[in-house]
$ cat coords25.csv   # CSV, C-alpha atoms
chain,number,residue,atom,x,y,z
R,1,MET,CA,0.0,0.0,0.0
R,2,PRO,CA,1.3,3.5,-0.7
R,3,GLN,CA,2.3,5.8,2.1
R,4,ILE,CA,-0.3,8.6,2.3
R,5,GLY,CA,0.3,12.3,3.2
R,6,PHE,CA,-2.5,14.5,4.2
R,7,ILE,CA,-2.3,18.3,4.7
R,8,GLY,CA,-5.2,20.1,6.3
R,9,THR,CA,-7.1,18.2,9.0
R,10,GLY,CA,-10.1,20.4,9.6
R,11,VAL,CA,-13.7,19.2,10.0
R,12,MET,CA,-13.7,17.2,6.7
R,13,GLY,CA,-10.0,16.5,6.4
R,14,ALA,CA,-9.8,14.8,9.8
R,15,ALA,CA,-12.8,12.6,8.9
R,16,ILE,CA,-11.3,11.6,5.6
R,17,VAL,CA,-8.0,10.6,7.3
R,18,ARG,CA,-9.9,8.5,9.8
R,19,ASN,CA,-11.6,6.6,7.0
R,20,MET,CA,-8.3,6.1,5.2
R,21,MET,CA,-6.8,4.6,8.4
R,22,ARG,CA,-9.8,2.4,8.9
R,23,GLN,CA,-9.0,0.8,5.6
R,24,GLY,CA,-5.5,0.1,6.7
R,25,LEU,CA,-3.7,3.0,5.1
R,26,GLU,CA,-0.7,4.6,6.8
R,27,VAL,CA,-1.2,8.4,6.9
R,28,ASN,CA,1.3,11.2,7.6
R,29,VAL,CA,-0.5,14.4,8.7
R,30,TYR,CA,0.2,18.1,8.9
R,31,ASN,CA,-2.0,21.0,9.9
R,32,ARG,CA,-1.2,24.6,10.5
R,33,THR,CA,-2.7,24.3,13.9
R,34,LYS,CA,-0.9,21.1,15.2
R,35,SER,CA,-3.5,20.4,17.9
R,36,LYS,CA,-6.1,19.6,15.3
R,37,THR,CA,-4.0,16.5,14.5
R,38,ASP,CA,-3.8,15.3,18.1
R,39,GLU,CA,-6.7,12.8,18.0
R,40,LEU,CA,-5.5,11.5,14.6
R,41,VAL,CA,-2.0,10.9,15.9
R,42,LYS,CA,-3.5,9.0,18.9
R,43,ALA,CA,-5.3,6.9,16.4
R,44,GLY,CA,-2.2,6.0,14.5
R,45,ALA,CA,-1.4,8.9,12.1
R,46,LEU,CA,2.2,10.2,12.0
R,47,TRP,CA,2.8,13.9,12.5
R,48,LYS,CA,5.2,15.7,10.2
R,49,ASP,CA,6.4,19.3,10.8
R,50,THR,CA,5.9,20.8,7.3
R,51,PRO,CA,4.2,20.2,4.0
R,52,ALA,CA,7.7,19.5,2.6
R,53,ALA,CA,8.2,16.8,5.2
R,54,ILE,CA,4.8,15.3,4.3
R,55,THR,CA,5.8,15.2,0.7
R,56,THR,CA,9.2,13.6,1.3
R,57,SER,CA,7.7,10.8,3.4
R,58,SER,CA,4.7,10.1,1.3
R,59,ASP,CA,3.9,8.6,-2.1
R,60,ILE,CA,0.5,10.2,-2.6
R,61,ILE,CA,-0.1,13.6,-1.0
R,62,PHE,CA,-3.6,15.0,-0.3
R,63,THR,CA,-4.3,18.6,0.5
R,64,MET,CA,-7.5,20.1,1.9
R,65,VAL,CA,-7.5,23.7,3.2
R,66,GLY,CA,-9.9,26.6,3.2
R,67,PHE,CA,-9.0,29.1,0.5
R,68,PRO,CA,-7.0,29.3,-2.8
R,69,LYS,CA,-4.3,31.5,-1.2
R,70,GLU,CA,-3.7,28.8,1.4
R,71,VAL,CA,-3.5,26.1,-1.4
R,72,GLU,CA,-0.9,28.2,-3.2
R,73,ALA,CA,1.1,28.7,-0.1
R,74,ILE,CA,1.2,25.0,0.7
R,75,TYR,CA,2.4,24.2,-2.8
R,76,PHE,CA,4.7,27.1,-3.7
R,77,GLU,CA,6.2,28.6,-0.5
R,78,ALA,CA,9.3,27.7,1.4
R,79,ASN,CA,8.9,24.2,3.0
R,80,GLY,CA,6.0,23.7,0.6
R,81,ILE,CA,5.3,20.7,-1.5
R,82,PHE,CA,7.2,21.9,-4.5
R,83,SER,CA,10.3,22.7,-2.4
R,84,VAL,CA,11.3,19.0,-2.4
R,85,ASN,CA,11.7,16.2,-4.8
R,86,ILE,CA,8.3,15.1,-6.1
R,87,THR,CA,9.5,12.7,-8.8
R,88,ASP,CA,6.8,10.0,-9.4
R,89,LYS,CA,4.6,11.3,-6.6
R,90,ILE,CA,0.9,12.1,-7.1
R,91,ILE,CA,-0.5,15.2,-5.4
R,92,VAL,CA,-4.3,15.5,-5.0
R,93,ASP,CA,-5.9,18.8,-4.0
R,94,LEU,CA,-9.3,18.2,-2.4
R,95,THR,CA,-9.8,21.9,-1.7
R,96,THR,CA,-12.5,23.7,-3.6
R,97,SER,CA,-10.3,26.2,-5.4
R,98,THR,CA,-10.0,27.9,-8.7
R,99,PRO,CA,-9.6,26.1,-12.0
R,100,THR,CA,-6.7,28.4,-12.9
R,101,LEU,CA,-4.8,27.5,-9.8
R,102,ALA,CA,-5.4,23.8,-10.4
R,103,GLU,CA,-3.9,24.2,-13.9
R,104,LYS,CA,-0.9,26.1,-12.4
R,105,ILE,CA,-0.3,23.3,-9.9
R,106,ALA,CA,-0.6,20.6,-12.4
R,107,LEU,CA,1.9,22.3,-14.8
R,108,LYS,CA,4.5,22.8,-12.0
R,109,ALA,CA,4.1,19.2,-10.8
R,110,SER,CA,4.7,18.0,-14.3
R,111,GLU,CA,7.8,20.1,-14.6
R,112,LEU,CA,9.1,18.6,-11.4
R,113,GLY,CA,8.4,15.0,-12.4
R,114,GLY,CA,5.2,14.5,-10.5
R,115,ILE,CA,1.5,14.5,-11.3
R,116,ALA,CA,-1.3,16.6,-9.8
R,117,LEU,CA,-5.0,16.0,-9.7
R,118,ASP,CA,-7.7,18.5,-8.7
R,119,ALA,CA,-10.4,16.6,-6.8
R,120,PRO,CA,-12.8,18.8,-4.9
R,121,VAL,CA,-15.5,17.0,-2.9
R,122,SER,CA,-19.1,17.4,-2.0
R,123,GLY,CA,-21.1,15.9,0.9
R,124,GLY,CA,-20.2,18.0,3.9
R,125,ASP,CA,-19.1,16.8,7.3
R,126,LEU,CA,-21.6,13.9,7.2
R,127,GLY,CA,-20.3,12.7,3.9
R,128,ALA,CA,-16.8,12.9,5.1
R,129,LYS,CA,-17.6,11.0,8.3
R,130,ASN,CA,-19.6,8.3,6.5
R,131,GLY,CA,-17.2,7.9,3.7
R,132,THR,CA,-19.8,8.8,1.1
R,133,LEU,CA,-18.3,12.0,-0.5
R,134,THR,CA,-18.7,12.8,-4.1
R,135,ILE,CA,-15.3,13.4,-5.7
R,136,MET,CA,-14.9,15.5,-8.9
R,137,VAL,CA,-11.6,15.0,-10.5
R,138,GLY,CA,-9.5,16.8,-13.2
R,139,GLY,CA,-6.2,15.6,-14.5
R,140,ASP,CA,-4.3,12.6,-15.8
R,141,GLN,CA,-6.3,9.3,-16.4
R,142,THR,CA,-3.5,7.0,-15.2
R,143,ALA,CA,-3.0,9.0,-12.0
R,144,TYR,CA,-6.7,9.0,-11.4
R,145,GLU,CA,-6.8,5.2,-11.7
R,146,GLN,CA,-3.9,4.9,-9.3
R,147,VAL,CA,-5.6,7.0,-6.7
R,148,LEU,CA,-9.1,5.5,-7.2
R,149,PRO,CA,-8.7,2.8,-4.5
R,150,ILE,CA,-7.9,5.6,-2.0
R,151,PHE,CA,-10.8,7.7,-3.2
R,152,LYS,CA,-13.0,4.7,-2.4
R,153,THR,CA,-12.0,4.8,1.3
R,154,PHE,CA,-13.8,8.1,1.8
R,155,GLY,CA,-16.0,8.5,-1.3
R,156,LYS,CA,-19.1,6.9,-2.9
R,157,THR,CA,-19.3,8.7,-6.2
R,158,PHE,CA,-16.2,9.7,-8.3
R,159,ALA,CA,-15.5,10.6,-11.9
R,160,LEU,CA,-12.7,12.0,-14.0
R,161,HIS,CA,-14.2,15.0,-15.8
R,162,GLY,CA,-11.2,15.9,-18.0
R,163,ALA,CA,-7.9,17.7,-17.9
R,164,SER,CA,-6.6,19.7,-15.0
R,165,GLY,CA,-9.1,22.3,-13.7
R,166,LYS,CA,-12.1,20.3,-14.8
R,167,GLY,CA,-12.7,18.9,-11.3
R,168,GLN,CA,-12.9,22.5,-10.0
R,169,HIS,CA,-15.3,23.5,-12.8
R,170,THR,CA,-17.5,20.5,-11.9
R,171,LYS,CA,-17.4,21.6,-8.2
R,172,MET,CA,-18.5,25.1,-9.3
R,173,ALA,CA,-21.5,23.5,-11.0
R,174,ASN,CA,-22.2,21.6,-7.8
R,175,GLN,CA,-22.1,24.8,-5.7
R,176,ILE,CA,-24.4,26.6,-8.1
R,177,MET,CA,-26.9,23.9,-7.6
R,178,ILE,CA,-26.5,23.8,-3.8
R,179,ALA,CA,-27.0,27.6,-3.7
R,180,GLY,CA,-30.4,27.1,-5.2
R,181,THR,CA,-31.4,24.3,-2.8
R,182,MET,CA,-30.2,26.2,0.3
R,183,THR,CA,-32.1,29.3,-0.5
R,184,GLY,CA,-35.1,27.3,-1.5
R,185,MET,CA,-35.0,25.2,1.7
R,186,THR,CA,-34.6,28.3,3.9
R,187,GLU,CA,-37.5,30.2,2.3
R,188,MET,CA,-39.7,27.1,2.4
R,189,MET,CA,-39.2,26.8,6.2
R,190,VAL,CA,-39.8,30.5,6.8
R,191,TYR,CA,-43.0,30.3,4.6
R,192,ALA,CA,-44.3,27.1,6.1
R,193,ASN,CA,-43.7,28.3,9.7
R,194,LYS,CA,-45.4,31.7,9.0
R,195,ALA,CA,-48.4,29.8,7.5
R,196,GLY,CA,-48.8,27.9,10.8
R,197,LEU,CA,-47.7,24.5,9.5
R,198,ASN,CA,-45.9,21.9,11.5
R,199,LEU,CA,-42.4,22.0,10.2
R,200,ASP,CA,-41.6,18.4,11.0
R,201,LYS,CA,-44.6,17.2,9.0
R,202,VAL,CA,-43.8,19.6,6.1
R,203,ILE,CA,-40.2,18.4,5.9
R,204,GLU,CA,-41.3,14.7,5.9
R,205,THR,CA,-43.9,15.3,3.2
R,206,LEU,CA,-41.7,17.3,0.9
R,207,SER,CA,-38.9,14.8,1.3
R,208,GLY,CA,-41.1,12.2,-0.3
R,209,GLY,CA,-41.9,14.2,-3.4
R,210,SER,CA,-40.3,16.2,-6.2
R,211,ALA,CA,-39.0,18.8,-3.7
R,212,ALA,CA,-36.7,16.3,-2.1
R,213,ASN,CA,-33.1,17.3,-2.1
R,214,TRP,CA,-29.9,16.8,0.0
R,215,SER,CA,-30.1,20.2,1.7
R,216,LEU,CA,-33.7,19.5,2.8
R,217,SER,CA,-32.9,16.1,4.2
R,218,ASN,CA,-29.7,17.1,6.0
R,219,TYR,CA,-29.9,20.7,7.0
R,220,SER,CA,-33.6,21.3,7.8
R,221,PRO,CA,-33.4,18.9,10.8
R,222,ARG,CA,-30.4,20.7,12.1
R,223,ILE,CA,-32.3,24.0,11.9
R,224,LEU,CA,-35.1,22.6,14.0
R,225,LYS,CA,-32.6,21.5,16.6
R,226,GLU,CA,-31.0,25.0,16.5
R,227,ASP,CA,-27.8,23.3,15.4
R,228,TYR,CA,-25.8,25.8,13.4
R,229,SER,CA,-22.4,24.0,13.7
R,230,PRO,CA,-20.4,24.0,10.5
R,231,GLY,CA,-20.6,21.0,8.3
R,232,PHE,CA,-19.6,23.6,5.8
R,233,PHE,CA,-18.6,27.1,6.8
R,234,VAL,CA,-20.6,30.1,5.6
R,235,LYS,CA,-17.2,31.8,4.8
R,236,HIS,CA,-16.1,28.9,2.6
R,237,PHE,CA,-19.4,28.8,0.7
R,238,ILE,CA,-19.1,32.5,-0.1
R,239,LYS,CA,-15.6,31.8,-1.4
R,240,ASP,CA,-17.0,29.0,-3.6
R,241,LEU,CA,-19.8,31.1,-5.0
R,242,LYS,CA,-17.5,34.0,-5.8
R,243,ILE,CA,-15.3,31.6,-7.7
R,244,ALA,CA,-18.3,30.3,-9.6
R,245,LEU,CA,-19.4,33.8,-10.5
R,246,ASP,CA,-15.9,34.8,-11.6
R,247,GLU,CA,-15.7,31.7,-13.8
R,248,ALA,CA,-19.1,32.4,-15.2
R,249,GLU,CA,-18.0,36.0,-16.1
R,250,LYS,CA,-15.0,34.6,-18.0
R,251,MET,CA,-17.4,32.5,-20.0
R,252,ASP,CA,-19.8,35.5,-20.6
R,253,LEU,CA,-22.5,33.9,-18.5
R,254,GLU,CA,-24.9,35.7,-16.1
R,255,LEU,CA,-26.1,33.6,-13.1
R,256,PRO,CA,-28.6,35.9,-11.3
R,257,ALA,CA,-29.8,33.3,-8.8
R,258,THR,CA,-26.3,32.4,-7.8
R,259,ARG,CA,-25.4,36.1,-7.5
R,260,LEU,CA,-28.4,36.6,-5.2
R,261,ALA,CA,-27.5,33.6,-3.0
R,262,THR,CA,-24.0,35.1,-2.7
R,263,GLU,CA,-25.4,38.4,-1.6
R,264,LEU,CA,-27.5,36.7,1.0
R,265,TYR,CA,-24.6,34.7,2.4
R,266,GLU,CA,-22.4,37.8,2.5
R,267,LYS,CA,-25.1,39.6,4.5
R,268,LEU,CA,-25.2,36.6,6.9
R,269,ALA,CA,-21.4,36.8,7.3
R,270,ASN,CA,-21.6,40.6,7.8
R,271,GLU,CA,-24.0,39.9,10.7
R,272,GLY,CA,-21.3,37.8,12.4
R,273,PHE,CA,-22.2,34.3,11.3
R,274,GLU,CA,-19.3,33.5,8.9
R,275,ASN,CA,-18.1,30.6,11.0
R,276,ASP,CA,-21.6,29.0,11.3
R,277,GLY,CA,-22.7,26.2,9.0
R,278,THR,CA,-24.5,27.1,5.7
R,279,GLN,CA,-27.9,26.2,7.3
R,280,ALA,CA,-27.5,29.4,9.4
R,281,LEU,CA,-28.9,31.3,6.4
R,282,ILE,CA,-32.2,31.1,8.1
R,283,LYS,CA,-30.9,33.6,10.8
R,284,LEU,CA,-31.6,36.4,8.3
R,285,TRP,CA,-35.2,35.7,9.1
R,286,TRP,CA,-35.0,34.3,12.6
R,287,GLY,CA,-32.3,36.5,14.1
R,288,ASP,CA,-30.1,34.5,16.5
R,289,GLY,CA,-31.6,31.3,15.3
R,290,LYS,CA,-34.2,30.9,18.0
R,291,GLN,CA,-37.1,30.5,15.6
R,292,PRO,CA,-40.8,30.9,16.6
R,293,VAL,CA,-41.6,27.4,15.4
R,294,VAL,CA,-45.3,26.5,15.3
R,295,LYS,CA,-46.1,23.5,17.5
R,296,ASN,CA,-49.3,21.7,16.3
$ encode --input "coords25.csv" --output "structure tokens"
Amino acid sequence: MPQIGFIGTGVMGAAIVRNMMRQGLEVNVYNRTKSKTDELVKAGALWKDTPAAITTSSDIIFTMVGFPKEVEAIYFEANGIFSVNITDKIIVDLTTSTPTLAEKIALKASELGGIALDAPVSGGDLGAKNGTLTIMVGGDQTAYEQVLPIFKTFGKTFALHGASGKGQHTKMANQIMIAGTMTGMTEMMVYANKAGLNLDKVIETLSGGSAANWSLSNYSPRILKEDYSPGFFVKHFIKDLKIALDEAEKMDLELPATRLATELYEKLANEGFENDGTQALIKLWWGDGKQPVVKN
């Protein structure tokens, strides 16, 4: 089995590493805040001091951080991935980032004798914990096939969508769709509650019909429990939607619904909820989240 390196053990990264280790993989870990790797190390992961050290000691290196600027730093700065020999190594970025940066990383990796894949994921914290993430990949076919057995340790759906950057473009399509389901789910709950309906019954009924979707099934129950913990941070969703709008502009496309969703989430962040989960959008209507839910 190849030696795995993993850089970025946040909410989703840590869950992915756990699934890898459950399948018998040896994983080297690095995180900017070392304490976030403590539980993983106790479970058998090996701490390394820098991204360079991760790269040197690993055959396949995964990265998963928050923003494109952090991705670029991990790859290109001193003690970064590209500061050491990457000959015959495969580097996989799971971060939702820009197609342009994915192409830049792939070109540099090739120049240095390695291969890079962009492989952003969807499914949130639950998908990461349950090993059911959707993985959208751009890059080399042979490298994809080599990494596929590892993808299967934490993902359920995976596909190669084309050359470098195409995984990120696919993720943008995913986020555009999620923006619509999140705003729809939120406004549905606000409307149904104002109309005096029992929200549990409404959610159960709609989940059995054509309105069924992932956001409704996974986030509406959290809202009813006043659980706004981040399966996916508001600030990261704003980042994703802005990337989608930037890419759309490059293609001379106008996406008014996505633009409105971005504005709503920016308003939510400006009110102090950028570190909440995306389900916190309902706080624009229900203030601090303590909703006046109708009890029938």
$ closest_residue --input "coords25.csv" --among "R:Trp214, R:Tyr75, R:Phe82, R:Phe273" --to "Ala102 of chain R" --atoms "only C-alpha atoms"
R:Tyr75
$ closest_atom_pairs --input "coords25.csv" --of "segment 93-117 of chain R" --to "segment 164-172 of chain R" --cutoff "10 Å" --atoms "all atoms listed in the file" --output "tab-separated table"
residue	atom	partner	partner_atom	distance
R:Asp93	CA	R:Gln168	CA	9.9
R:Leu94	CA	R:Gln168	CA	9.4
R:Thr95	CA	R:Gln168	CA	8.9
R:Thr96	CA	R:Gln168	CA	6.5
R:Ser97	CA	R:Gln168	CA	6.5
R:Thr98	CA	R:Gln168	CA	6.3
R:Pro99	CA	R:Gly165	CA	4.2
R:Thr100	CA	R:Gly165	CA	6.6
R:Leu101	CA	R:Gly165	CA	7.8
R:Ala102	CA	R:Gly165	CA	5.2
R:Glu103	CA	R:Ser164	CA	5.4
R:Lys104	CA	R:Ser164	CA	9.0
R:Ile105	CA	R:Ser164	CA	8.9
R:Ala106	CA	R:Ser164	CA	6.6
R:Leu107	CA	R:Ser164	CA	8.9
R:Ala116	CA	R:Ser164	CA	8.0
R:Leu117	CA	R:Ser164	CA	6.7
$ closest_residue --input "coords25.csv" --among "R:Phe151, R:Trp285, R:Tyr265, R:Trp47" --to "Lys242 of chain R" --atoms "only C-alpha atoms"
R:Tyr265
$ residues_around --input "coords25.csv" --residues "Pro149 of chain R" --least-positions-apart "3" --cutoff "12 Å" --atoms "all atoms listed in the file" --output "PyMOL selection string"
chain R and resi 1-2+20+23-25+60+143-146+152-156+158
$ write_last_selection --input "coords25.csv" --atoms "C-alpha atoms" --output "compact mmCIF listing (two decimals), in the coordinates of the input"
# COMPACT_ATOMS: atom_id res chain seq x y z
CA MET R 1 0.00 0.00 0.00
CA PRO R 2 1.30 3.50 -0.70
CA MET R 20 -8.30 6.10 5.20
CA GLN R 23 -9.00 0.80 5.60
CA GLY R 24 -5.50 0.10 6.70
CA LEU R 25 -3.70 3.00 5.10
CA ILE R 60 0.50 10.20 -2.60
CA ALA R 143 -3.00 9.00 -12.00
CA TYR R 144 -6.70 9.00 -11.40
CA GLU R 145 -6.80 5.20 -11.70
CA GLN R 146 -3.90 4.90 -9.30
CA LYS R 152 -13.00 4.70 -2.40
CA THR R 153 -12.00 4.80 1.30
CA PHE R 154 -13.80 8.10 1.80
CA GLY R 155 -16.00 8.50 -1.30
CA LYS R 156 -19.10 6.90 -2.90
CA PHE R 158 -16.20 9.70 -8.30
$ closest_residue --input "coords25.csv" --among "R:Arg32, R:Lys250, R:Lys201, R:Lys239" --to "Asp49 of chain R" --atoms "only C-alpha atoms"
R:Arg32
$ build_atoms --input "coords25.csv" --residues "segment 13-47 of chain R" --atoms "N, CA and C atoms" --output "compact mmCIF listing (two decimals), in the coordinates of the input"
# COMPACT_ATOMS: atom_id res chain seq x y z
N GLY R 13 -11.28 17.16 6.60
CA GLY R 13 -10.00 16.50 6.40
C GLY R 13 -9.75 15.42 7.46
N ALA R 14 -10.04 15.74 8.72
CA ALA R 14 -9.80 14.80 9.80
C ALA R 14 -10.69 13.52 9.60
N ALA R 15 -11.93 13.73 9.18
CA ALA R 15 -12.80 12.60 8.90
C ALA R 15 -12.34 11.73 7.78
N ILE R 16 -11.81 12.37 6.75
CA ILE R 16 -11.30 11.60 5.60
C ILE R 16 -10.08 10.78 6.04
N VAL R 17 -9.19 11.38 6.84
CA VAL R 17 -8.00 10.60 7.30
C VAL R 17 -8.45 9.42 8.14
N ARG R 18 -9.45 9.59 8.98
CA ARG R 18 -9.90 8.50 9.80
C ARG R 18 -10.43 7.32 8.91
N ASN R 19 -11.15 7.67 7.86
CA ASN R 19 -11.60 6.60 7.00
C ASN R 19 -10.49 5.94 6.24
N MET R 20 -9.48 6.69 5.86
CA MET R 20 -8.30 6.10 5.20
C MET R 20 -7.65 5.08 6.19
N MET R 21 -7.47 5.48 7.44
CA MET R 21 -6.80 4.60 8.40
C MET R 21 -7.64 3.38 8.72
N ARG R 22 -8.97 3.52 8.71
CA ARG R 22 -9.80 2.40 8.90
C ARG R 22 -9.65 1.30 7.87
N GLN R 23 -9.22 1.74 6.69
CA GLN R 23 -9.00 0.80 5.60
C GLN R 23 -7.55 0.33 5.53
N GLY R 24 -6.80 0.61 6.59
CA GLY R 24 -5.50 0.10 6.70
C GLY R 24 -4.35 0.92 6.10
N LEU R 25 -4.67 2.14 5.67
CA LEU R 25 -3.70 3.00 5.10
C LEU R 25 -2.83 3.68 6.19
N GLU R 26 -1.53 3.84 5.93
CA GLU R 26 -0.70 4.60 6.80
C GLU R 26 -0.67 6.05 6.34
N VAL R 27 -0.98 6.97 7.27
CA VAL R 27 -1.20 8.40 6.90
C VAL R 27 -0.26 9.28 7.69
N ASN R 28 0.52 10.09 6.97
CA ASN R 28 1.30 11.20 7.60
C ASN R 28 0.42 12.43 7.55
N VAL R 29 0.39 13.21 8.64
CA VAL R 29 -0.50 14.40 8.70
C VAL R 29 0.25 15.64 9.07
N TYR R 30 -0.25 16.73 8.52
CA TYR R 30 0.20 18.10 8.90
C TYR R 30 -0.96 19.01 8.87
N ASN R 31 -0.99 19.90 9.84
CA ASN R 31 -2.00 21.00 9.90
C ASN R 31 -1.34 22.20 10.47
N ARG R 32 -1.74 23.35 9.98
CA ARG R 32 -1.20 24.60 10.50
C ARG R 32 -1.30 24.73 11.96
N THR R 33 -2.46 24.34 12.50
CA THR R 33 -2.70 24.30 13.90
C THR R 33 -2.46 22.80 14.35
N LYS R 34 -1.34 22.53 14.97
CA LYS R 34 -0.90 21.10 15.20
C LYS R 34 -1.96 20.40 16.09
N SER R 35 -2.61 21.09 17.02
CA SER R 35 -3.50 20.40 17.90
C SER R 35 -4.68 19.74 17.22
N LYS R 36 -5.00 20.20 16.01
CA LYS R 36 -6.10 19.60 15.30
C LYS R 36 -5.71 18.20 14.72
N THR R 37 -4.46 17.82 14.89
CA THR R 37 -4.00 16.50 14.50
C THR R 37 -3.89 15.54 15.68
N ASP R 38 -4.07 16.05 16.89
CA ASP R 38 -3.80 15.30 18.10
C ASP R 38 -4.55 13.95 18.13
N GLU R 39 -5.86 14.00 17.89
CA GLU R 39 -6.70 12.80 18.00
C GLU R 39 -6.29 11.81 16.84
N LEU R 40 -5.93 12.33 15.70
CA LEU R 40 -5.50 11.50 14.60
C LEU R 40 -4.20 10.76 14.93
N VAL R 41 -3.28 11.49 15.53
CA VAL R 41 -2.00 10.90 15.90
C VAL R 41 -2.23 9.80 16.97
N LYS R 42 -3.14 10.06 17.91
CA LYS R 42 -3.50 9.00 18.90
C LYS R 42 -4.02 7.78 18.25
N ALA R 43 -4.72 7.99 17.11
CA ALA R 43 -5.30 6.90 16.40
C ALA R 43 -4.36 6.15 15.47
N GLY R 44 -3.15 6.72 15.33
CA GLY R 44 -2.20 6.00 14.50
C GLY R 44 -1.53 6.82 13.39
N ALA R 45 -2.02 8.03 13.14
CA ALA R 45 -1.40 8.90 12.10
C ALA R 45 -0.03 9.36 12.58
N LEU R 46 0.82 9.73 11.63
CA LEU R 46 2.20 10.20 12.00
C LEU R 46 2.28 11.68 11.66
N TRP R 47 2.64 12.48 12.67
CA TRP R 47 2.80 13.90 12.50
C TRP R 47 4.08 14.24 11.76
